[in-house]
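Asks: Okay, so here is my_file.cif, and as you'll see once you scroll down, it has mmCIF, N, CA and C atoms.
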data_protein
loop_
_atom_site.label_atom_id
_atom_site.label_comp_id
_atom_site.auth_asym_id
_atom_site.auth_seq_id
_atom_site.Cartn_x
_atom_site.Cartn_y
_atom_site.Cartn_z
N MET Z 1 0.63 2.55 4.89
CA MET Z 1 0.76 3.82 4.20
C MET Z 1 0.28 4.94 5.14
N GLN Z 2 1.08 5.98 5.25
CA GLN Z 2 0.76 7.14 6.07
C GLN Z 2 -0.01 8.17 5.25
N THR Z 3 -1.04 8.75 5.84
CA THR Z 3 -1.81 9.80 5.19
C THR Z 3 -1.25 11.15 5.61
N VAL Z 4 -0.78 11.93 4.64
CA VAL Z 4 -0.24 13.27 4.88
C VAL Z 4 -1.23 14.28 4.32
N THR Z 5 -1.72 15.16 5.18
CA THR Z 5 -2.63 16.22 4.75
C THR Z 5 -1.87 17.53 4.72
N LEU Z 6 -1.90 18.19 3.57
CA LEU Z 6 -1.29 19.50 3.40
C LEU Z 6 -2.38 20.53 3.60
N TYR Z 7 -2.24 21.34 4.64
CA TYR Z 7 -3.27 22.28 5.06
C TYR Z 7 -2.91 23.67 4.55
N GLY Z 8 -3.58 24.10 3.48
CA GLY Z 8 -3.31 25.42 2.92
C GLY Z 8 -2.83 25.33 1.50
N ASN Z 9 -2.68 26.53 0.89
CA ASN Z 9 -2.31 26.61 -0.53
C ASN Z 9 -1.06 27.45 -0.76
N SER Z 10 -0.25 27.66 0.25
CA SER Z 10 0.94 28.50 0.08
C SER Z 10 1.96 27.79 -0.81
N LEU Z 11 2.91 28.56 -1.29
CA LEU Z 11 3.98 28.01 -2.12
C LEU Z 11 4.78 26.97 -1.33
N VAL Z 12 5.01 27.23 -0.06
CA VAL Z 12 5.75 26.29 0.79
C VAL Z 12 5.02 24.96 0.87
N VAL Z 13 3.73 25.00 1.17
CA VAL Z 13 2.94 23.77 1.28
C VAL Z 13 2.85 23.06 -0.06
N SER Z 14 2.67 23.81 -1.14
CA SER Z 14 2.60 23.20 -2.48
C SER Z 14 3.90 22.51 -2.86
N THR Z 15 5.03 23.14 -2.52
CA THR Z 15 6.34 22.56 -2.82
C THR Z 15 6.56 21.28 -2.02
N ILE Z 16 6.18 21.30 -0.76
CA ILE Z 16 6.28 20.09 0.06
C ILE Z 16 5.41 18.99 -0.54
N GLY Z 17 4.21 19.35 -0.95
CA GLY Z 17 3.31 18.38 -1.57
C GLY Z 17 3.92 17.76 -2.81
N ALA Z 18 4.55 18.58 -3.65
CA ALA Z 18 5.19 18.06 -4.86
C ALA Z 18 6.30 17.08 -4.51
N SER Z 19 7.05 17.36 -3.46
CA SER Z 19 8.12 16.45 -3.03
C SER Z 19 7.56 15.15 -2.48
N LEU Z 20 6.49 15.24 -1.73
CA LEU Z 20 5.92 14.04 -1.10
C LEU Z 20 5.17 13.14 -2.07
N HIS Z 21 4.66 13.70 -3.16
CA HIS Z 21 3.91 12.88 -4.12
C HIS Z 21 4.76 11.78 -4.72
N GLY Z 22 6.07 11.93 -4.72
CA GLY Z 22 6.94 10.89 -5.26
C GLY Z 22 7.25 9.77 -4.27
N CYS Z 23 6.78 9.90 -3.05
CA CYS Z 23 7.06 8.89 -2.00
C CYS Z 23 5.90 7.91 -1.92
N ARG Z 24 6.16 6.66 -2.21
CA ARG Z 24 5.11 5.63 -2.22
C ARG Z 24 4.50 5.37 -0.86
N GLU Z 25 5.26 5.64 0.22
CA GLU Z 25 4.75 5.32 1.56
C GLU Z 25 3.76 6.35 2.09
N PHE Z 26 3.49 7.42 1.32
CA PHE Z 26 2.58 8.46 1.76
C PHE Z 26 1.43 8.65 0.78
N GLN Z 27 0.24 8.79 1.35
CA GLN Z 27 -0.92 9.22 0.58
C GLN Z 27 -1.08 10.70 0.91
N VAL Z 28 -0.92 11.56 -0.09
CA VAL Z 28 -0.91 13.00 0.13
C VAL Z 28 -2.25 13.61 -0.29
N GLN Z 29 -2.81 14.44 0.61
CA GLN Z 29 -4.08 15.11 0.34
C GLN Z 29 -3.94 16.59 0.66
N HIS Z 30 -4.65 17.43 -0.08
CA HIS Z 30 -4.67 18.88 0.19
C HIS Z 30 -6.01 19.24 0.82
N VAL Z 31 -5.96 20.17 1.79
CA VAL Z 31 -7.18 20.73 2.37
C VAL Z 31 -7.04 22.24 2.34
N ASP Z 32 -8.04 22.90 1.76
CA ASP Z 32 -8.07 24.35 1.71
C ASP Z 32 -8.77 24.85 2.98
N PRO Z 33 -8.07 25.63 3.82
CA PRO Z 33 -8.67 26.09 5.07
C PRO Z 33 -9.87 27.02 4.88
N ALA Z 34 -10.05 27.55 3.66
CA ALA Z 34 -11.18 28.43 3.40
C ALA Z 34 -12.45 27.68 3.01
N MET Z 35 -12.34 26.38 2.80
CA MET Z 35 -13.51 25.62 2.37
C MET Z 35 -14.52 25.49 3.50
N PRO Z 36 -15.80 25.38 3.16
CA PRO Z 36 -16.81 25.20 4.21
C PRO Z 36 -16.59 23.85 4.93
N ASP Z 37 -16.90 23.82 6.20
CA ASP Z 37 -16.79 22.61 7.01
C ASP Z 37 -15.39 22.01 7.02
N VAL Z 38 -14.36 22.86 7.06
CA VAL Z 38 -12.97 22.38 7.04
C VAL Z 38 -12.68 21.49 8.24
N LYS Z 39 -13.23 21.82 9.41
CA LYS Z 39 -12.99 21.00 10.60
C LYS Z 39 -13.53 19.59 10.40
N GLN Z 40 -14.72 19.48 9.84
CA GLN Z 40 -15.31 18.16 9.58
C GLN Z 40 -14.50 17.41 8.54
N ARG Z 41 -14.03 18.11 7.52
CA ARG Z 41 -13.22 17.49 6.46
C ARG Z 41 -11.93 16.90 7.05
N LEU Z 42 -11.27 17.68 7.91
CA LEU Z 42 -10.04 17.20 8.55
C LEU Z 42 -10.34 15.98 9.43
N SER Z 43 -11.42 16.04 10.16
CA SER Z 43 -11.79 14.92 11.02
C SER Z 43 -12.10 13.67 10.19
N ASP Z 44 -12.79 13.85 9.08
CA ASP Z 44 -13.13 12.72 8.20
C ASP Z 44 -11.90 12.08 7.57
N LEU Z 45 -10.90 12.89 7.23
CA LEU Z 45 -9.69 12.37 6.58
C LEU Z 45 -8.84 11.51 7.52
N GLN Z 46 -8.90 11.78 8.83
CA GLN Z 46 -8.10 11.05 9.81
C GLN Z 46 -6.63 10.97 9.39
N PRO Z 47 -5.98 12.12 9.14
CA PRO Z 47 -4.59 12.07 8.69
C PRO Z 47 -3.65 11.59 9.78
N ASP Z 48 -2.53 11.01 9.38
CA ASP Z 48 -1.46 10.66 10.31
C ASP Z 48 -0.56 11.87 10.53
N ILE Z 49 -0.43 12.68 9.48
CA ILE Z 49 0.48 13.83 9.49
C ILE Z 49 -0.25 15.01 8.84
N LEU Z 50 -0.15 16.18 9.46
CA LEU Z 50 -0.73 17.39 8.89
C LEU Z 50 0.35 18.45 8.82
N ILE Z 51 0.55 19.03 7.64
CA ILE Z 51 1.61 20.02 7.41
C ILE Z 51 0.97 21.34 7.01
N PHE Z 52 1.44 22.44 7.61
CA PHE Z 52 0.92 23.77 7.28
C PHE Z 52 2.04 24.79 7.33
N ASP Z 53 1.82 25.95 6.72
CA ASP Z 53 2.79 27.04 6.64
C ASP Z 53 2.50 28.04 7.75
N LEU Z 54 3.40 28.17 8.70
CA LEU Z 54 3.22 29.09 9.82
C LEU Z 54 3.20 30.55 9.39
N ALA Z 55 3.81 30.87 8.26
CA ALA Z 55 3.92 32.26 7.82
C ALA Z 55 2.62 32.82 7.26
N VAL Z 56 1.73 31.96 6.79
CA VAL Z 56 0.54 32.47 6.12
C VAL Z 56 -0.78 32.08 6.77
N MET Z 57 -0.76 31.25 7.75
CA MET Z 57 -2.04 30.85 8.33
C MET Z 57 -1.97 30.63 9.82
N ARG Z 58 -3.10 30.83 10.43
CA ARG Z 58 -3.25 30.56 11.85
C ARG Z 58 -3.82 29.14 11.95
N PRO Z 59 -3.14 28.28 12.62
CA PRO Z 59 -3.48 26.85 12.57
C PRO Z 59 -4.48 26.38 13.64
N GLU Z 60 -5.43 27.23 14.02
CA GLU Z 60 -6.35 26.84 15.10
C GLU Z 60 -7.09 25.53 14.81
N ALA Z 61 -7.61 25.39 13.59
CA ALA Z 61 -8.35 24.17 13.26
C ALA Z 61 -7.44 22.95 13.32
N ALA Z 62 -6.20 23.10 12.86
CA ALA Z 62 -5.25 21.99 12.90
C ALA Z 62 -4.92 21.62 14.34
N ILE Z 63 -4.73 22.61 15.19
CA ILE Z 63 -4.42 22.33 16.60
C ILE Z 63 -5.61 21.69 17.30
N ARG Z 64 -6.82 22.12 16.98
CA ARG Z 64 -8.01 21.47 17.56
C ARG Z 64 -8.06 20.00 17.14
N LEU Z 65 -7.75 19.75 15.88
CA LEU Z 65 -7.73 18.37 15.39
C LEU Z 65 -6.67 17.57 16.13
N TRP Z 66 -5.50 18.16 16.35
CA TRP Z 66 -4.42 17.48 17.07
C TRP Z 66 -4.85 17.12 18.49
N LYS Z 67 -5.61 18.01 19.13
CA LYS Z 67 -6.09 17.73 20.48
C LYS Z 67 -7.08 16.56 20.49
N ILE Z 68 -7.87 16.46 19.44
CA ILE Z 68 -8.84 15.37 19.33
C ILE Z 68 -8.15 14.07 18.91
N GLN Z 69 -7.13 14.18 18.05
CA GLN Z 69 -6.40 13.02 17.52
C GLN Z 69 -4.94 13.12 17.94
N PRO Z 70 -4.61 12.77 19.18
CA PRO Z 70 -3.24 12.97 19.68
C PRO Z 70 -2.17 12.17 18.95
N HIS Z 71 -2.54 11.18 18.16
CA HIS Z 71 -1.55 10.44 17.37
C HIS Z 71 -1.05 11.26 16.19
N LEU Z 72 -1.77 12.34 15.86
CA LEU Z 72 -1.45 13.17 14.70
C LEU Z 72 -0.10 13.86 14.86
N LEU Z 73 0.72 13.78 13.83
CA LEU Z 73 1.96 14.54 13.77
C LEU Z 73 1.63 15.84 13.07
N LEU Z 74 1.65 16.95 13.81
CA LEU Z 74 1.30 18.26 13.27
C LEU Z 74 2.59 19.04 13.06
N ILE Z 75 2.85 19.43 11.81
CA ILE Z 75 4.11 20.10 11.46
C ILE Z 75 3.81 21.46 10.87
N GLY Z 76 4.29 22.50 11.56
CA GLY Z 76 4.20 23.86 11.05
C GLY Z 76 5.54 24.27 10.48
N ILE Z 77 5.55 24.74 9.25
CA ILE Z 77 6.79 25.11 8.57
C ILE Z 77 6.92 26.64 8.57
N ASP Z 78 8.08 27.13 8.98
CA ASP Z 78 8.41 28.55 8.90
C ASP Z 78 9.67 28.66 8.06
N LEU Z 79 9.49 28.82 6.76
CA LEU Z 79 10.61 28.82 5.82
C LEU Z 79 11.56 29.99 6.08
N ALA Z 80 11.02 31.15 6.45
CA ALA Z 80 11.86 32.34 6.68
C ALA Z 80 12.84 32.11 7.83
N ALA Z 81 12.46 31.32 8.81
CA ALA Z 81 13.32 31.05 9.97
C ALA Z 81 14.02 29.69 9.86
N ASP Z 82 13.85 28.98 8.74
CA ASP Z 82 14.42 27.64 8.56
C ASP Z 82 14.08 26.72 9.73
N ARG Z 83 12.81 26.70 10.12
CA ARG Z 83 12.36 25.88 11.24
C ARG Z 83 11.08 25.16 10.93
N MET Z 84 10.88 24.09 11.65
CA MET Z 84 9.58 23.45 11.67
C MET Z 84 9.22 23.25 13.14
N ILE Z 85 7.99 23.49 13.46
CA ILE Z 85 7.47 23.26 14.80
C ILE Z 85 6.63 22.00 14.73
N ILE Z 86 6.92 21.07 15.61
CA ILE Z 86 6.27 19.77 15.58
C ILE Z 86 5.46 19.59 16.84
N LEU Z 87 4.17 19.39 16.68
CA LEU Z 87 3.31 19.06 17.81
C LEU Z 87 3.08 17.56 17.76
N SER Z 88 3.81 16.91 18.57
CA SER Z 88 3.73 15.46 18.74
C SER Z 88 4.78 15.11 19.76
N ASP Z 89 5.96 14.76 19.30
CA ASP Z 89 7.02 14.34 20.21
C ASP Z 89 8.15 15.35 20.35
N ARG Z 90 8.41 16.16 19.32
CA ARG Z 90 9.61 16.99 19.32
C ARG Z 90 9.50 18.12 18.30
N SER Z 91 10.43 19.06 18.35
CA SER Z 91 10.59 20.05 17.29
C SER Z 91 12.03 19.98 16.80
N ALA Z 92 12.26 20.42 15.58
CA ALA Z 92 13.60 20.34 14.99
C ALA Z 92 13.75 21.41 13.92
N CYS Z 93 14.98 21.60 13.49
CA CYS Z 93 15.23 22.56 12.41
C CYS Z 93 14.82 21.94 11.08
N ALA Z 94 14.28 22.76 10.20
CA ALA Z 94 13.91 22.29 8.86
C ALA Z 94 14.71 23.09 7.85
N LEU Z 95 15.78 22.51 7.39
CA LEU Z 95 16.63 23.21 6.44
C LEU Z 95 16.33 22.79 5.01
N THR Z 96 15.85 21.56 4.84
CA THR Z 96 15.55 21.06 3.50
C THR Z 96 14.31 20.18 3.55
N THR Z 97 13.80 19.85 2.38
CA THR Z 97 12.68 18.91 2.31
C THR Z 97 13.13 17.55 2.85
N GLY Z 98 14.41 17.23 2.67
CA GLY Z 98 14.96 15.99 3.22
C GLY Z 98 14.82 15.93 4.73
N ASP Z 99 15.04 17.07 5.42
CA ASP Z 99 14.85 17.13 6.87
C ASP Z 99 13.41 16.79 7.23
N LEU Z 100 12.48 17.36 6.48
CA LEU Z 100 11.06 17.10 6.71
C LEU Z 100 10.75 15.62 6.48
N LEU Z 101 11.29 15.05 5.43
CA LEU Z 101 11.04 13.63 5.15
C LEU Z 101 11.59 12.75 6.27
N GLN Z 102 12.73 13.10 6.86
CA GLN Z 102 13.28 12.33 7.97
C GLN Z 102 12.34 12.34 9.16
N VAL Z 103 11.76 13.49 9.46
CA VAL Z 103 10.81 13.59 10.58
C VAL Z 103 9.59 12.72 10.30
N ILE Z 104 9.06 12.79 9.09
CA ILE Z 104 7.88 12.01 8.74
C ILE Z 104 8.20 10.52 8.80
N GLU Z 105 9.34 10.11 8.27
CA GLU Z 105 9.71 8.70 8.28
C GLU Z 105 9.93 8.20 9.70
N ARG Z 106 10.56 9.02 10.54
CA ARG Z 106 10.78 8.63 11.94
C ARG Z 106 9.43 8.45 12.63
N HIS Z 107 8.50 9.38 12.40
CA HIS Z 107 7.18 9.28 13.00
C HIS Z 107 6.46 8.02 12.51
N ALA Z 108 6.56 7.75 11.22
CA ALA Z 108 5.92 6.57 10.66
C ALA Z 108 6.46 5.30 11.31
N GLY Z 109 7.78 5.24 11.51
CA GLY Z 109 8.40 4.07 12.15
C GLY Z 109 7.95 3.92 13.59
N GLU Z 110 7.87 5.03 14.32
CA GLU Z 110 7.43 4.98 15.72
C GLU Z 110 5.97 4.58 15.81
N ALA Z 111 5.14 5.09 14.89
CA ALA Z 111 3.73 4.74 14.89
C ALA Z 111 3.55 3.25 14.60
N GLU Z 112 4.35 2.72 13.69
CA GLU Z 112 4.28 1.29 13.38
C GLU Z 112 4.66 0.45 14.59
N LYS Z 113 5.70 0.86 15.31
CA LYS Z 113 6.11 0.14 16.51
C LYS Z 113 5.02 0.18 17.57
N GLU Z 114 4.37 1.32 17.74
CA GLU Z 114 3.29 1.45 18.72
C GLU Z 114 2.13 0.54 18.38
N ARG Z 115 1.84 0.40 17.09
CA ARG Z 115 0.75 -0.48 16.66
C ARG Z 115 1.05 -1.93 17.00
N HIS Z 116 2.34 -2.28 17.08
CA HIS Z 116 2.74 -3.65 17.37
C HIS Z 116 3.05 -3.87 18.84
N GLY Z 117 2.68 -2.90 19.71
CA GLY Z 117 2.80 -3.12 21.14
C GLY Z 117 4.03 -2.58 21.81
N ASP Z 118 4.98 -1.98 21.08
CA ASP Z 118 6.13 -1.38 21.73
C ASP Z 118 5.68 -0.12 22.44
N ALA Z 119 6.23 0.13 23.60
CA ALA Z 119 5.89 1.34 24.36
C ALA Z 119 6.68 2.51 23.82
N GLU Z 120 7.16 3.34 24.72
CA GLU Z 120 7.90 4.54 24.35
C GLU Z 120 9.16 4.16 23.57
N THR Z 121 9.43 4.87 22.48
CA THR Z 121 10.55 4.57 21.60
C THR Z 121 11.61 5.65 21.74
N PRO Z 122 12.85 5.28 22.13
CA PRO Z 122 13.89 6.30 22.18
C PRO Z 122 14.24 6.77 20.77
N MET Z 123 14.62 8.03 20.67
CA MET Z 123 15.03 8.57 19.37
C MET Z 123 16.35 7.94 18.98
N ALA Z 124 16.45 7.55 17.72
CA ALA Z 124 17.73 7.05 17.23
C ALA Z 124 18.64 8.24 17.00
N GLY Z 125 19.87 8.18 17.48
CA GLY Z 125 20.85 9.27 17.39
C GLY Z 125 20.44 10.44 16.53
N GLY Z 126 19.87 11.46 17.10
CA GLY Z 126 19.40 12.64 16.38
C GLY Z 126 20.52 13.40 15.70
N ARG Z 127 20.16 14.37 14.91
CA ARG Z 127 21.13 15.14 14.15
C ARG Z 127 22.10 15.88 15.04
N HIS Z 128 21.68 16.22 16.24
CA HIS Z 128 22.51 17.01 17.13
C HIS Z 128 23.06 16.17 18.29
N GLY Z 129 23.14 14.85 18.08
CA GLY Z 129 23.70 13.97 19.10
C GLY Z 129 22.74 13.66 20.23
N ASP Z 130 21.47 13.99 20.10
CA ASP Z 130 20.50 13.75 21.15
C ASP Z 130 20.00 12.32 21.03
N THR Z 131 20.15 11.54 22.08
CA THR Z 131 19.68 10.16 22.02
C THR Z 131 18.63 9.89 23.08
N GLY Z 132 18.11 10.93 23.72
CA GLY Z 132 17.12 10.77 24.78
C GLY Z 132 15.73 10.50 24.25
N THR Z 133 14.88 10.02 25.12
CA THR Z 133 13.49 9.79 24.77
C THR Z 133 12.75 11.11 24.82
N ARG Z 134 11.91 11.38 23.86
CA ARG Z 134 11.15 12.61 23.80
C ARG Z 134 9.70 12.34 24.17
N ARG Z 135 9.09 13.32 24.80
CA ARG Z 135 7.67 13.27 25.12
C ARG Z 135 7.01 14.54 24.61
N ARG Z 136 5.70 14.53 24.51
CA ARG Z 136 4.94 15.68 24.04
C ARG Z 136 5.41 16.94 24.75
N GLY Z 137 5.69 17.98 23.96
CA GLY Z 137 6.11 19.26 24.51
C GLY Z 137 7.61 19.45 24.58
N ASP Z 138 8.41 18.39 24.42
CA ASP Z 138 9.87 18.54 24.43
C ASP Z 138 10.30 19.24 23.16
N THR Z 139 11.40 19.97 23.23
CA THR Z 139 11.94 20.64 22.05
C THR Z 139 13.41 20.32 21.89
N VAL Z 140 13.88 20.45 20.68
CA VAL Z 140 15.29 20.28 20.36
C VAL Z 140 15.76 21.61 19.79
N THR Z 141 16.85 22.15 20.31
CA THR Z 141 17.36 23.41 19.80
C THR Z 141 18.79 23.25 19.32
N ARG Z 142 19.24 24.23 18.55
CA ARG Z 142 20.62 24.20 18.05
C ARG Z 142 21.46 25.16 18.83
#
Please go through the file and, once you have read it, give me the structure as structure tokens.
Replies:
Amino acid sequence: MQTVTLYGNSLVVSTIGASLHGCREFQVQHVDPAMPDVKQRLSDLQPDILIFDLAVMRPEAAIRLWKIQPHLLLIGIDLAADRMIILSDRSACALTTGDLLQVIERHAGEAEKERHGDAETPMAGGRHGDTGTRRRGDTVTR
């Protein structure tokens, strides 16, 4: 089971949380960035995936956590631009909650393979015909 932490209280993050609560493969948790000791709380949770709204918050604490926990899939959602920024292996367009679920499921599958000793995993035929292997910092554009 993958732990998904929703960072913030925006409508976008709350809607994503409502969608993810129906998925059995995810344990969904909310973290309020205004709470005391938020950095320690994030560190204690050890999330696999952290989702935040780029339009309403500055994600410094989330990025610091990502630097400490490089396995973390950090997803920033910008609903106004129909995009998600992914700090892990790649970035992609986010047009629907289904797009977000595909990214999370792909990450979960790759993480499972890594736990079983597989090295770098090529992306399975991406939405835009990209079949190359991605590394940290690579981006996908339309």
Asks: Let me make sure I understand: among Z:Lys113, Z:Val12, Z:Asp82, Z:Leu73, which one has the smallest atom-to-atom distance to Asp48 (chain Z) if we use all atoms listed in the file?
Replies: Z:Leu73
Asks: Which polymer residues have any atom within 10 Å of an atom of Val31 (chain Z), counting only C-alpha atoms, with same-chain residues fewer than 2 positions away left out, as a list in words?
Replies: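 The residues satisfying every condition are Thr5, Leu6, Tyr7, Gly8, Asn9, Gln29, Pro33, Ala34, Met35, Val38, Arg41, Leu42, Leu45, Leu50 and Phe52 of chain Z.
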Asks: Take the residues just selected and output them with N, CA and C atoms as a JSON list (two decimals), in the coordinates of the input.
Replies:
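And here is the file that came out, out_30.json:
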[["chain", "number", "residue", "atom", "x", "y", "z"],
["Z", 5, "THR", "N", -1.72, 15.16, 5.18],
["Z", 5, "THR", "CA", -2.63, 16.22, 4.75],
["Z", 5, "THR", "C", -1.87, 17.53, 4.72],
["Z", 6, "LEU", "N", -1.90, 18.19, 3.57],
["Z", 6, "LEU", "CA", -1.29, 19.50, 3.40],
["Z", 6, "LEU", "C", -2.38, 20.53, 3.60],
["Z", 7, "TYR", "N", -2.24, 21.34, 4.64],
["Z", 7, "TYR", "CA", -3.27, 22.28, 5.06],
["Z", 7, "TYR", "C", -2.91, 23.67, 4.55],
["Z", 8, "GLY", "N", -3.58, 24.10, 3.48],
["Z", 8, "GLY", "CA", -3.31, 25.42, 2.92],
["Z", 8, "GLY", "C", -2.83, 25.33, 1.50],
["Z", 9, "ASN", "N", -2.68, 26.53, 0.89],
["Z", 9, "ASN", "CA", -2.31, 26.61, -0.53],
["Z", 9, "ASN", "C", -1.06, 27.45, -0.76],
["Z", 29, "GLN", "N", -2.81, 14.44, 0.61],
["Z", 29, "GLN", "CA", -4.08, 15.11, 0.34],
["Z", 29, "GLN", "C", -3.94, 16.59, 0.66],
["Z", 33, "PRO", "N", -8.07, 25.63, 3.82],
["Z", 33, "PRO", "CA", -8.67, 26.09, 5.07],
["Z", 33, "PRO", "C", -9.87, 27.02, 4.88],
["Z", 34, "ALA", "N", -10.05, 27.55, 3.66],
["Z", 34, "ALA", "CA", -11.18, 28.43, 3.40],
["Z", 34, "ALA", "C", -12.45, 27.68, 3.01],
["Z", 35, "MET", "N", -12.34, 26.38, 2.80],
["Z", 35, "MET", "CA", -13.51, 25.62, 2.37],
["Z", 35, "MET", "C", -14.52, 25.49, 3.50],
["Z", 38, "VAL", "N", -14.36, 22.86, 7.06],
["Z", 38, "VAL", "CA", -12.97, 22.38, 7.04],
["Z", 38, "VAL", "C", -12.68, 21.49, 8.24],
["Z", 41, "ARG", "N", -14.03, 18.11, 7.52],
["Z", 41, "ARG", "CA", -13.22, 17.49, 6.46],
["Z", 41, "ARG", "C", -11.93, 16.90, 7.05],
["Z", 42, "LEU", "N", -11.27, 17.68, 7.91],
["Z", 42, "LEU", "CA", -10.04, 17.20, 8.55],
["Z", 42, "LEU", "C", -10.34, 15.98, 9.43],
["Z", 45, "LEU", "N", -10.90, 12.89, 7.23],
["Z", 45, "LEU", "CA", -9.69, 12.37, 6.58],
["Z", 45, "LEU", "C", -8.84, 11.51, 7.52],
["Z", 50, "LEU", "N", -0.15, 16.18, 9.46],
["Z", 50, "LEU", "CA", -0.73, 17.39, 8.89],
["Z", 50, "LEU", "C", 0.35, 18.45, 8.82],
["Z", 52, "PHE", "N", 1.44, 22.44, 7.61],
["Z", 52, "PHE", "CA", 0.92, 23.77, 7.28],
["Z", 52, "PHE", "C", 2.04, 24.79, 7.33]]
Asks: Going by DSSP on the backbone, which bits of region 26-120 of chain Z are strand (DSSP E or B)? Write them as a PDB file with N, CA and C atoms, keeping the file's coordinate frame, please.
Replies:
ATOM      1  N   PHE Z  26       3.490   7.420   1.320  1.00  0.00           N
ATOM      2  CA  PHE Z  26       2.580   8.460   1.760  1.00  0.00           C
ATOM      3  C   PHE Z  26       1.430   8.650   0.780  1.00  0.00           C
ATOM      4  N   GLN Z  27       0.240   8.790   1.350  1.00  0.00           N
ATOM      5  CA  GLN Z  27      -0.920   9.220   0.580  1.00  0.00           C
ATOM      6  C   GLN Z  27      -1.080  10.700   0.910  1.00  0.00           C
ATOM      7  N   VAL Z  28      -0.920  11.560  -0.090  1.00  0.00           N
ATOM      8  CA  VAL Z  28      -0.910  13.000   0.130  1.00  0.00           C
ATOM      9  C   VAL Z  28      -2.250  13.610  -0.290  1.00  0.00           C
ATOM     10  N   GLN Z  29      -2.810  14.440   0.610  1.00  0.00           N
ATOM     11  CA  GLN Z  29      -4.080  15.110   0.340  1.00  0.00           C
ATOM     12  C   GLN Z  29      -3.940  16.590   0.660  1.00  0.00           C
ATOM     13  N   HIS Z  30      -4.650  17.430  -0.080  1.00  0.00           N
ATOM     14  CA  HIS Z  30      -4.670  18.880   0.190  1.00  0.00           C
ATOM     15  C   HIS Z  30      -6.010  19.240   0.820  1.00  0.00           C
ATOM     16  N   VAL Z  31      -5.960  20.170   1.790  1.00  0.00           N
ATOM     17  CA  VAL Z  31      -7.180  20.730   2.370  1.00  0.00           C
ATOM     18  C   VAL Z  31      -7.040  22.240   2.340  1.00  0.00           C
ATOM     19  N   ILE Z  49      -0.430  12.680   9.480  1.00  0.00           N
ATOM     20  CA  ILE Z  49       0.480  13.830   9.490  1.00  0.00           C
ATOM     21  C   ILE Z  49      -0.250  15.010   8.840  1.00  0.00           C
ATOM     22  N   LEU Z  50      -0.150  16.180   9.460  1.00  0.00           N
ATOM     23  CA  LEU Z  50      -0.730  17.390   8.890  1.00  0.00           C
ATOM     24  C   LEU Z  50       0.350  18.450   8.820  1.00  0.00           C
ATOM     25  N   ILE Z  51       0.550  19.030   7.640  1.00  0.00           N
ATOM     26  CA  ILE Z  51       1.610  20.020   7.410  1.00  0.00           C
ATOM     27  C   ILE Z  51       0.970  21.340   7.010  1.00  0.00           C
ATOM     28  N   PHE Z  52       1.440  22.440   7.610  1.00  0.00           N
ATOM     29  CA  PHE Z  52       0.920  23.770   7.280  1.00  0.00           C
ATOM     30  C   PHE Z  52       2.040  24.790   7.330  1.00  0.00           C
ATOM     31  N   ASP Z  53       1.820  25.950   6.720  1.00  0.00           N
ATOM     32  CA  ASP Z  53       2.790  27.040   6.640  1.00  0.00           C
ATOM     33  C   ASP Z  53       2.500  28.040   7.750  1.00  0.00           C
ATOM     34  N   LEU Z  73       0.720  13.780  13.830  1.00  0.00           N
ATOM     35  CA  LEU Z  73       1.960  14.540  13.770  1.00  0.00           C
ATOM     36  C   LEU Z  73       1.630  15.840  13.070  1.00  0.00           C
ATOM     37  N   LEU Z  74       1.650  16.950  13.810  1.00  0.00           N
ATOM     38  CA  LEU Z  74       1.300  18.260  13.270  1.00  0.00           C
ATOM     39  C   LEU Z  74       2.590  19.040  13.060  1.00  0.00           C
ATOM     40  N   ILE Z  75       2.850  19.430  11.810  1.00  0.00           N
ATOM     41  CA  ILE Z  75       4.110  20.100  11.460  1.00  0.00           C
ATOM     42  C   ILE Z  75       3.810  21.460  10.870  1.00  0.00           C
ATOM     43  N   GLY Z  76       4.290  22.500  11.560  1.00  0.00           N
ATOM     44  CA  GLY Z  76       4.200  23.860  11.050  1.00  0.00           C
ATOM     45  C   GLY Z  76       5.540  24.270  10.480  1.00  0.00           C
ATOM     46  N   ILE Z  77       5.550  24.740   9.250  1.00  0.00           N
ATOM     47  CA  ILE Z  77       6.790  25.110   8.570  1.00  0.00           C
ATOM     48  C   ILE Z  77       6.920  26.640   8.570  1.00  0.00           C
ATOM     49  N   ASP Z  78       8.080  27.130   8.980  1.00  0.00           N
ATOM     50  CA  ASP Z  78       8.410  28.550   8.900  1.00  0.00           C
ATOM     51  C   ASP Z  78       9.670  28.660   8.060  1.00  0.00           C
ATOM     52  N   ARG Z  83      12.810  26.700  10.120  1.00  0.00           N
ATOM     53  CA  ARG Z  83      12.360  25.880  11.240  1.00  0.00           C
ATOM     54  C   ARG Z  83      11.080  25.160  10.930  1.00  0.00           C
ATOM     55  N   MET Z  84      10.880  24.090  11.650  1.00  0.00           N
ATOM     56  CA  MET Z  84       9.580  23.450  11.670  1.00  0.00           C
ATOM     57  C   MET Z  84       9.220  23.250  13.140  1.00  0.00           C
ATOM     58  N   ILE Z  85       7.990  23.490  13.460  1.00  0.00           N
ATOM     59  CA  ILE Z  85       7.470  23.260  14.800  1.00  0.00           C
ATOM     60  C   ILE Z  85       6.630  22.000  14.730  1.00  0.00           C
ATOM     61  N   ILE Z  86       6.920  21.070  15.610  1.00  0.00           N
ATOM     62  CA  ILE Z  86       6.270  19.770  15.580  1.00  0.00           C
ATOM     63  C   ILE Z  86       5.460  19.590  16.840  1.00  0.00           C
ATOM     64  N   LEU Z  87       4.170  19.390  16.680  1.00  0.00           N
ATOM     65  CA  LEU Z  87       3.310  19.060  17.810  1.00  0.00           C
ATOM     66  C   LEU Z  87       3.080  17.560  17.760  1.00  0.00           C
ATOM     67  N   ALA Z  92      12.260  20.420  15.580  1.00  0.00           N
ATOM     68  CA  ALA Z  92      13.600  20.340  14.990  1.00  0.00           C
ATOM     69  C   ALA Z  92      13.750  21.410  13.920  1.00  0.00           C
ATOM     70  N   CYS Z  93      14.980  21.600  13.490  1.00  0.00           N
ATOM     71  CA  CYS Z  93      15.230  22.560  12.410  1.00  0.00           C
ATOM     72  C   CYS Z  93      14.820  21.940  11.080  1.00  0.00           C
TER      73      CYS Z  93
END
